[in-house]
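Visitor: Right, I'll just put the structure down here and ask away after.
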Amino acid sequence: MTRQVRKAFVLGAGLGTRMRPLTNLLPKPLLPIFGKPLITFAFDHLLQIGVEQILVNTHHLPDKYAAHFFDSQYRGVSLQFAHEPVLLGTGGGLKNLERRVGDEPLIVYSGDILTDVAVERLIEEHFSKRNDVTLALRTTDFSKVIHWNSDTGRVLDIKGVLGSGIEGELDFANISIWNPTVFSRIPAGTEISFVPILIQWMKSGGKIGGVALEQGGWFNIGSRKDYIGAHRIIAEGQWSPKYMSARSWPQIADPTARISPNSRIAGGSYVGAGSRVEEQVLVEDSILFPGSFIASGTTLKSCVVAGLEVGPGHFLETVFL
């Protein structure tokens, strides 16, 4: 039987510099994926496995989080926001939550991924192997930084810094479980990432485990290219995460959008709430934020329009407005 982890920390404080100018309007975890804020997929996933309290760190545009979650709840579960006036990094952000976490194990989940991997397997491995930390691992297009023994489930090296001579076979999938003993290993008020914490713990005999979670969808929304690409892949495969209770996602438009019948919305496109698309418009692999207006005769390919007016008659490709 899988043990329950009651609390989770969702990382929401990043600057999202590779997503600008979109992140001049919203923190990256609040950017919509087919109209649904990215971070809410993490919340849905965590609720599905029984998490009862979610902690979120903020830094960039914290007022946007307050506006989206004005009652500090999501589907009846408490959200606690911890603002970082100065960025603390992944490790420092975790240390900042020490009093709120207490002496319980904690799931740490990146706020800029969209996935439905089997986190239950991660939890089961963590408790059955009595690990100090257990990392979700996966084959990705980004990097291979984790050297891991598939027989024992132990992480042997990270980026080759422990002298294995092997850079790695798998990537970190940005979900992990940490025992509260980690807090004594993180200096207070210091910007620090998870990596040096894990490395020092491994050097002193810490049990750092990993589970390869290759099944299910996994999208890392790290750049504008990733943002457009995720929409395209999801649309092509009609993918929807397993924890979504309704099959109403993804759709191509919000019900309040007005789209001329002789215009075409194609590929991984989405037309946001209150947007208007006039006659003879092609929207292909493009995202219209709420309140966008696309005038007659305009073509958009791989563009994002963040609530602005475009046209008439423009041809725009890979433009972010």
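Simple scheme: letters A, B, ... for chains in structure tokens order, numbers from 1 for residues in each chain, numbers from 1 for ligands in the order shown.
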Need the shell around Lys64 in chain A: protein/DNA/RNA residues with any atom at most 9 Å away, counting only C-alpha atoms. Skip same-chain ones fewer than 4 positions apart. Format as a count of residues only?
Guide: 7
Visitor: Could you list, as a ChimeraX atom specification, every residue within 6 Å of range 2-18 of chain A, counting only C-alpha atoms and ignoring same-chain residues fewer than 6 positions away?
Guide: /A:28,51-60,106-111,124,223
Visitor: Only C-alpha atoms, please: the residues just picked out, written as a short mmCIF file (atom, residue, chain, number, x, y, z; two decimals), in the first residue's frame.
Guide:
```cif
data_model
loop_
_atom_site.label_atom_id
_atom_site.label_comp_id
_atom_site.auth_asym_id
_atom_site.auth_seq_id
_atom_site.Cartn_x
_atom_site.Cartn_y
_atom_site.Cartn_z
CA LYS A 28 5.73 31.43 -15.84
CA VAL A 51 -1.82 15.79 -0.82
CA GLU A 52 -3.68 17.93 1.72
CA GLN A 53 -1.62 21.12 1.81
CA ILE A 54 0.33 22.85 -0.93
CA LEU A 55 3.11 25.38 -0.32
CA VAL A 56 4.16 27.70 -3.16
CA ASN A 57 7.09 30.10 -3.22
CA THR A 58 6.76 33.34 -5.18
CA HIS A 59 9.05 36.13 -6.30
CA HIS A 60 8.19 37.60 -9.70
CA LEU A 106 7.59 16.54 1.49
CA ILE A 107 6.94 16.24 -2.24
CA VAL A 108 8.75 18.93 -4.23
CA TYR A 109 7.21 19.60 -7.64
CA SER A 110 8.33 22.14 -10.25
CA GLY A 111 5.66 24.67 -11.14
CA GLU A 124 6.36 3.83 -2.67
CA SER A 223 11.13 28.62 -23.14
#
```
Visitor: From the set A:Val101, A:Ala230, A:Leu162, A:Val145, which residue has the shortest atom-to-atom contact distance to Asn179 in chain A, counting only C-alpha atoms?
Guide: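 Smallest separation from Asn179 in chain A among the options: A:Val101.
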Visitor: Using only C-alpha atoms, which residue out of A:Arg138, A:Arg232, A:Arg224, A:Arg247 lies closest to Ala212 in chain A?
Guide: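 Checking each candidate against Ala212 in chain A, we get A:Arg138 as the closest.
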Visitor: Tell me, as a ChimeraX atom specification, which residues lie within 12 Å of Phe70 in chain A, counting only C-alpha atoms; anything in the same chain fewer than 6 positions away does not count.
Guide: /A:62-64,78-81
Visitor: Keeping N, CA and C atoms for every residue in the selection just given, could you write it to a file as a PDB file, in the first residue's frame?
Guide:
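Contents of result.pdb, freshly written:
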```
ATOM      1  N   PRO A  62       4.180  38.581  -7.605  1.00  0.00           N
ATOM      2  CA  PRO A  62       3.410  37.787  -6.631  1.00  0.00           C
ATOM      3  C   PRO A  62       1.939  38.173  -6.579  1.00  0.00           C
ATOM      4  N   ASP A  63       1.608  39.414  -6.963  1.00  0.00           N
ATOM      5  CA  ASP A  63       0.211  39.840  -6.950  1.00  0.00           C
ATOM      6  C   ASP A  63      -0.645  39.030  -7.918  1.00  0.00           C
ATOM      7  N   LYS A  64      -0.028  38.477  -8.955  1.00  0.00           N
ATOM      8  CA  LYS A  64      -0.772  37.668  -9.918  1.00  0.00           C
ATOM      9  C   LYS A  64      -1.239  36.352  -9.279  1.00  0.00           C
ATOM     10  N   SER A  78      -5.866  23.780   0.949  1.00  0.00           N
ATOM     11  CA  SER A  78      -5.165  24.994   1.351  1.00  0.00           C
ATOM     12  C   SER A  78      -3.911  25.240   0.515  1.00  0.00           C
ATOM     13  N   LEU A  79      -3.760  26.496   0.046  1.00  0.00           N
ATOM     14  CA  LEU A  79      -2.532  26.953  -0.592  1.00  0.00           C
ATOM     15  C   LEU A  79      -1.859  27.950   0.336  1.00  0.00           C
ATOM     16  N   GLN A  80      -0.587  27.749   0.603  1.00  0.00           N
ATOM     17  CA  GLN A  80       0.179  28.700   1.405  1.00  0.00           C
ATOM     18  C   GLN A  80       1.297  29.272   0.540  1.00  0.00           C
ATOM     19  N   PHE A  81       1.301  30.595   0.393  1.00  0.00           N
ATOM     20  CA  PHE A  81       2.296  31.257  -0.440  1.00  0.00           C
ATOM     21  C   PHE A  81       3.392  31.850   0.439  1.00  0.00           C
TER      22      PHE A  81
END
```
Visitor: Which neighbours of range 126-130 of chain A fall inside 9 Å, counting only C-alpha atoms, when residues of the same chain fewer than 2 positions from it are skipped, and could you give them as a list of chain:residue names?
Guide: A:Thr2, A:Arg3, A:Arg121, A:Leu122, A:Ile123, A:Glu124, A:Asp132, A:Val133, A:Thr134, A:Leu135, A:Gly153, A:Ile177, A:Trp178, A:Lys207, A:Gly209, A:Gly210
Visitor: Which residues in range 83-120 of chain A does DSSP call alpha helix (DSSP H)? List them as a PyMOL selection string.
Guide: chain A and resi 89-95+98-101+119-120
Visitor: For C-alpha atoms, I'd like the residues from the last selection saved as a tab-separated table (two decimals), in the first residue's frame.
Guide:
```tsv
chain	number	residue	atom	x	y	z
A	89	GLY	CA	17.01	29.06	-5.37
A	90	THR	CA	15.46	25.62	-5.10
A	91	GLY	CA	17.33	24.64	-1.93
A	92	GLY	CA	17.03	28.02	-0.25
A	93	GLY	CA	13.33	28.13	-1.09
A	94	LEU	CA	12.88	24.77	0.60
A	95	LYS	CA	14.76	25.94	3.71
A	98	GLU	CA	11.08	24.66	7.30
A	99	ARG	CA	8.65	25.83	9.99
A	100	ARG	CA	5.63	25.20	7.78
A	101	VAL	CA	6.74	21.69	6.81
A	119	VAL	CA	4.13	9.85	-8.57
A	120	GLU	CA	2.67	6.99	-6.52
```
Visitor: Which residues of range 194-262 of chain A have any atom within 10 Å of an atom in range 286-307 of chain A when counting only C-alpha atoms, and what is the closest pair of atoms for each, with the distance in Å to one decimal? Order the rows by chain and rising number and write it as JSON lines.
Guide:
```
{"residue": "A:Arg224", "atom": "CA", "partner": "A:Val304", "partner_atom": "CA", "distance": 9.1}
{"residue": "A:Lys225", "atom": "CA", "partner": "A:Ser302", "partner_atom": "CA", "distance": 8.9}
{"residue": "A:Tyr227", "atom": "CA", "partner": "A:Ile287", "partner_atom": "CA", "distance": 9.5}
{"residue": "A:Ile228", "atom": "CA", "partner": "A:Ser302", "partner_atom": "CA", "distance": 6.6}
{"residue": "A:Gly229", "atom": "CA", "partner": "A:Ser302", "partner_atom": "CA", "distance": 8.9}
{"residue": "A:His231", "atom": "CA", "partner": "A:Ser286", "partner_atom": "CA", "distance": 8.6}
{"residue": "A:Arg232", "atom": "CA", "partner": "A:Ser286", "partner_atom": "CA", "distance": 9.0}
{"residue": "A:Ile252", "atom": "CA", "partner": "A:Ile287", "partner_atom": "CA", "distance": 9.5}
{"residue": "A:Ala253", "atom": "CA", "partner": "A:Leu288", "partner_atom": "CA", "distance": 9.1}
{"residue": "A:Asp254", "atom": "CA", "partner": "A:Pro290", "partner_atom": "CA", "distance": 8.8}
{"residue": "A:Thr256", "atom": "CA", "partner": "A:Pro290", "partner_atom": "CA", "distance": 9.6}
{"residue": "A:Ala257", "atom": "CA", "partner": "A:Pro290", "partner_atom": "CA", "distance": 8.5}
{"residue": "A:Arg258", "atom": "CA", "partner": "A:Phe293", "partner_atom": "CA", "distance": 9.6}
{"residue": "A:Ile259", "atom": "CA", "partner": "A:Ile294", "partner_atom": "CA", "distance": 9.5}
{"residue": "A:Ser260", "atom": "CA", "partner": "A:Ser296", "partner_atom": "CA", "distance": 9.4}
```
Visitor: Considering only C-alpha atoms, state which residue in the set A:Gly189, A:Gly168, A:Gly237, A:Gly35 is at the smallest distance from Glu84 in chain A.
Guide: A:Gly189
Visitor: Which is closer to Ile234 in chain A than all the others in A:Thr152, A:Thr181, A:Gln251, A:Thr318, using only C-alpha atoms?
Guide: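 Distance minimum relative to Ile234 in chain A lands on A:Gln251.
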